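Enquirer: I'd like to ask you about the structure that follows.
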Amino acid sequence: MDMNKNYAIGIDLGTSTSEICVYRNDEPFPIGDPNWRSPIVPSLIAINKKGELLIGEEARGLVDVSGQGIREIKRKMGTGETIKLLDREYRPEEVSALILRKLKENAEEALGITIEEVVLSVPANFPDAARQATLNAGELAGLKIMRLINEPTAAALAFGIKNIGVEEQLAIFDFGGGTLDITILEMVAGVLDVRCSFGNPQLGGKDFDEAMMTLLLQKLEAVNPGVEISDIAYRALKEVAEKTKKALSTDSFHRVRVPYFATCNGKSIDLDVEVTRAEFEMAIAPLLEQARECIRQALAARQLRPSAIDRILLVGGTTYIPAVRELVTEMFGKEPKADVNPDLAVGIGAAIQAALAQGLINEESGVILTDVAPFGLGIDIVTRIGGQYILTYEPLIQPNTTIPYSTKKTYRLLHAEQEQVEIRLYQDNTGKAKLPSETIYTGISGEIIDIPPAADGNAYPIEVEFSYDINGIAKLKATISGTSKSIEITYDRSPQRMDVQDKFNATARIKDLWKQNARAKQYEAVINKAERFLSTIPPQEREPLSQIAIDLKVALATDNVEQIEKWGNILVDTMFEMGL
Amino acid sequence: MVYELYQTLEVSPQAELEEIRRSYYRLVRKYSPERHPERFQVIREAYETLSDKQARQNYDALQKYGDEIQVLIEQAEACMSEEKWTMAIDLLKRILTLAPGADAARNRLGICYIHSKNWDFAVKVFRALTKINPHVPLYWLNFGYAYKQQADILDNEDYRRGQLYHQARECFQVCTKLESFNPEPYVEIARTYLEESNYAESLVWSERAIGADGKTDFQDFDTLFFICIIYWRSGEFAHIDRTAQRIISLLPANDDARKYAAARFFNMGLDIFKFGVKQVNYSLFRAASKFLKAAKDFDPNDIEIKDLYQNVELMVAGVDSLEIIRQDSTIVNELKSLCEFILADRCYYFESDEEKNKIYDRLMEEIFANPPNLILDSVKKIKYNYLAIYQLNSDLFGQIEQAIYQWYTHQSSGNYNSFSGIGKEIASTLKKWLKWR
Ligand SMILES: Nc1ncnc2c1ncn2[C@@H]1O[C@H](COP(=O)(O)OP(=O)(O)OP(=O)(O)O)[C@@H](O)[C@H]1O
Ligand SMILES: [Mg+2]
């Protein structure tokens with residue numbers, strides 16, 4: 001860690017939007033895309049027909065074209081699922097890495113620095129595989145991840161740093177594009193003590209978009225029975241639905257118009273409907289109920305009455321929806337205040353965490369953070385129950401346990417002649433699992449073999465030492481007492497994780513793509529400008545500019561570095577000479 | 001170190017919760033999880049215990065009376081293993097006055113109350129335990145036992161019985177919800193239904209017990225065995241066979257398992273057989289024979305099993321034949337009675353030899369009051385058509401035949417004796433073909 005650095009960087013890699021924030025001169029602030037002014041970068045990736053990579057706002061036009069773009073990649077992190085862009089398959093880590101890379105570049109350009117170390121935020125209820133995938137994405141993007149911080153905790157930090165004297169029970173209601181997290185913290189003496197986190201990793205703004213899409217289609221069908229909607233139009237509807245949803249956060253009704261949206265009885269028709277906020281609220285009622293359930297769980301977990309919560313912080317774009325705010329007010333019996341910026345609090349908090357870790361904030365004004373394990377981990381053991389031997393789940397750490405944490409437990413082998421034993425690690429999201437089948441197998445296991453027979457005829461005791469560190473990395477060591485046999489397993493390898501070869505391949509793939517981005521950026525604007533000009537003049541006057549532009553595009557498409565440079569220079573020169 | 005947790009948090013054992021909380025936060029600032037992970041963990045652990053009222057109480061009790069409690073626990077356990085319930089109860093109560101939050105001791109107290117049939121106390125203990133720890137299946141299970149065992153010893157007619165079984169089932173059901181894979185509570189529910197002769201429900205819950213852990217294997221033997229008992233009680237003997245086949249399909253390839261299964265079925269068969277004998281309930285022989293047949297199938301090489309099985313099979317066949325013989329008008333009624341007598345004799349039915357003697361004498365007198373050809377005809381018919389009965393005491397039947405042939409021979413050689421006269425004589429010599437005590 002470079003202690004002399006006078007800045008610290010935090011990144012909120014979100015489902016729908018991402019932010020990079022810097023902490024410098026005792027102040028955290030976000031850095032946006034230089035071309036788009038907003039500090040909020042949409043988590044969108046697309047590749048145009050020329051093979052050029054577009055990231056963020058510039059990808060919006062293509063992102064919903066099948067095979068050319070991808071949204072909401074965060075939801076696939078840690079699944080091992082791949083994404084096809086043009087003719088290549090990419091891992092979610094790679095797509096995320098490209099977004100990170102873009103954020104990194106934005107900040108480097110704006111600050112004139114080279115960024116390496118960052119704190120990255122992840123949803124509190126992100127499973128381990130997704131956390132590991134996030135770490136890998138960071139690595140692929142050329143970043144060193146100092147810490148993963150839970151998003152709601154980061155948001156609390158953004159509040160806490162400015163309110164160090166406050167003694168309160170805080171609830172963070174973090175409702176973003178893909179996930180809902182409710183975290184309850186206690187702030188005393190400048191310590192932010194996370195008490196518990198509950199969430200629904202599958203509930204977010206995207207579901208509200210889908211509800212809106214259904215609503216729009218219903219309205220269209222009501223007026224035009226038998227209407228037919230092409231795949232392309234359907235995909236474009238996502239963008240329209242999201243816009244409409246956002247509009248209804250401030251307006252009580254919204255008119256949606258998309259010309260030539262669909263066909264009906266062979267005729268092309270427009271999508272032209274009006275949606276009221278009340279209609280939208282009806283459509284999202286089931287989603288709101290799920291959110292309510294999450295709040296109930298969070299409160300019940302610590303046996304808290306809603307009135308015990310002193311302050312509610314709203315985080316995430318979905319909290320702009322008035323019905324969501326009302327729900328929060330109704331559940332907690334108090335109105336949330338605008339204490340933090342819902343879009344930026346997480347990124348800001350991540351930057352603060354980075355600043356704390358790098359010692360940029362002095363001791364007295366620094367907030368201390370304790371966090372919890374978002375899920376439980378355990379192993380399977382043979383238990384005699386009700387007269388039968390059954391394989392049961394044995395928790396080693398329960399969800400919402402304060403970390404770091406370690407424990408030691410002793411079991412016994414099944415019999416004196418047992419020669420080997422396998423330890424498997426399972427993840428329990430509920431805290432209620434009793435059987436391995438109620439958990440998720442992490443794919444992580446270790447085996448002790450060649451155990452000598454026990455001399456005294458009694459099965460050996462086996463000692464399991466388990467620890468879970470502040471970054472959420474678990475370690476397990478099993479030792480057969482009285483022998484030299486032991487095994488150590490760390491929570492960092494599984495089929496869903498990338499090994500060295502995977503990483504190597506991935507790096508190569510995204511390097512390729514990234515080149516396309518650099519080139520696209522360099523010449524896209526020039527070519528666009530030339531083409532715009534060419535379209536205004538009669539065809540017979542277009543040479544030689546038109547040919548030069550074509551030559552450059554060919555060079556770009558064939559990835560011929562020499563030719564790109566050559567034709568690029570000629571184009572720029574020619575245009576310069578033409579006074580363009 | 002005593003009261004170590006208090007020292008860790010730098011407070012006195014008398015500290016109020018608020019003081020503990022403040023101290024915790026002050027220390028976390030000093031020893032943050034980031035910079036002092038080990039120290040932080042110790043602080044956190046202390047805080048978790050001391051900020052939880054119940055946990056703190058238990059911890060305090062352990063600090064104050066730890067050694068004393070340890071001794072008492074050992075004593076109580078010793079008493080329990082020697083079934084000295086009253087003494088165990090006293091000891092456990094003493095533990096609980098020192099450490100009221102010692103749930104494990106409370107649970108044992110409840111168990112002792114059950115064993116000593118202090119039902120009301122037992123119920124009270126488990127009600128309290130399940131209220132404080134609604135998620136602990138063991139307490140619900142024992143709560144169920146407190147009701148069930150109380151019901152088990154009541155008369156069938158007792159009005160409280162149904163109510164108690166119902167309450168027991170409610171507890172067991174909570175247990176199944178908490179620990180769906182544990183067969184025990186399902187089986188216990190099945191048992192309560194069996195006690196109430198609700199065979200259908202009993203079977204349903206037994207099957208649930210078998211499926212509890214998601215697979216049917218030899219570990220489910222006890223439950224399958226229990227199902228056989230349900231079929232025995234419901235009179236659906238044929239299903240015992242089928243269930244035994246199910247067990248055979250699950251038998252692991254080792255002799256111990258086979259022998260074990262065989263022994264269990266043999267003993268059951270023997271019990272039922274003896275019971276049937278006592279009750280003169282011939283239909284029970286059929287049930288017994290089903291169990292014995294299963295035992296024989298499990299372990300075909302066991303001589304003892306084979307013998308008893310064959311014996312019982314014979315009697316079952318005899319019983320079957322007896323039913324038909326009763327309808328057979330070609331056989332003299334008195335011989336039918338003799339058949340019944342023989343079967344009863346095989347079953348050690350008669351209280352005393354004297355009683356048996358009396359009945360036998362009268363029976364023979366009545367038989368030999370018939371003309372010899374009729375008797376001979378009947379005996380032959382029994383021999384050819386009802387071999388199962390004939391075999392029950394082929395000696396006796398054979399001798400009757402012999403005696404009549406002899407009489408015929410005497411007749412043809414000119415000794416015209418009246419048949420009814422010698423009937424008595426024959427009858428008394430035939431006595432030795434019966435078994436006497
Ligand atoms: N004014 C608004 N009204 C309603 N919804 C909005 C508004 N602004 C943004 N959203 C929605 O909020 C979501 C994005 O929120 P945000 O950027 O906080 O999430 P994220 O960080 O990308 O996702 P996550 O934290 O779940 O990974 C999108 O679904 C977006 O449509
Ligand atoms: Mg977010």
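Ligands are numbered from 1 in the order shown, residues from 1 within each chain, and chains are lettered A, B, ... in the order they appear in the structure tokens.
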Compile the contact shell of Ile229 (chain B) as a PyMOL selection string: residues with an atom at most 12 Å away, counting only C-alpha atoms, same-chain residues fewer than 5 positions apart removed.
Expert: chain B and resi 190-191+194-195+197+199+202-203+206+222-224+234-237+239-241+243-244+264-265+268-269+271-272+287-288+290-291
Enquirer: Within 7 Å of chain B, which residues of chain A show up when using only C-alpha atoms, listed as a ChimeraX atom specification?
Expert: /A:188-189,191,368,370,385-386,388,404-405
Enquirer: Using only C-alpha atoms and all ligand atoms, find each protein or nucleic acid residue lying at most 9 Å from ligand 1; present the set as number ranges by chain.
Expert: A: 12-19, 40-43, 72, 74-75, 122-123, 151, 174-181, 201-209, 241-250, 315-322, 342-344, 346
Enquirer: Please give the complete set of residues from region 171-334 of chain A that DSSP, run on the backbone, assigns to alpha helix (DSSP H), formatted as a PyMOL selection string.
Expert: chain A and resi 205-223+231-247+277-283+285-301+322-332
Enquirer: Choose the residue, out of B:Asp52, B:Asp103, B:Glu401, B:Glu365, that has the smallest atom-to-atom separation from Leu138 (chain B); count only C-alpha atoms.
Expert: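 Selected residue with least distance to Leu138 (chain B): B:Asp103.
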Enquirer: Taking into account only C-alpha atoms, which residue in the set A:Val256, A:Pro395, A:Phe173, A:Ser121 is nearest to Val328 (chain A)?
Expert: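 Closest to Val328 (chain A) of all the choices is A:Phe173.
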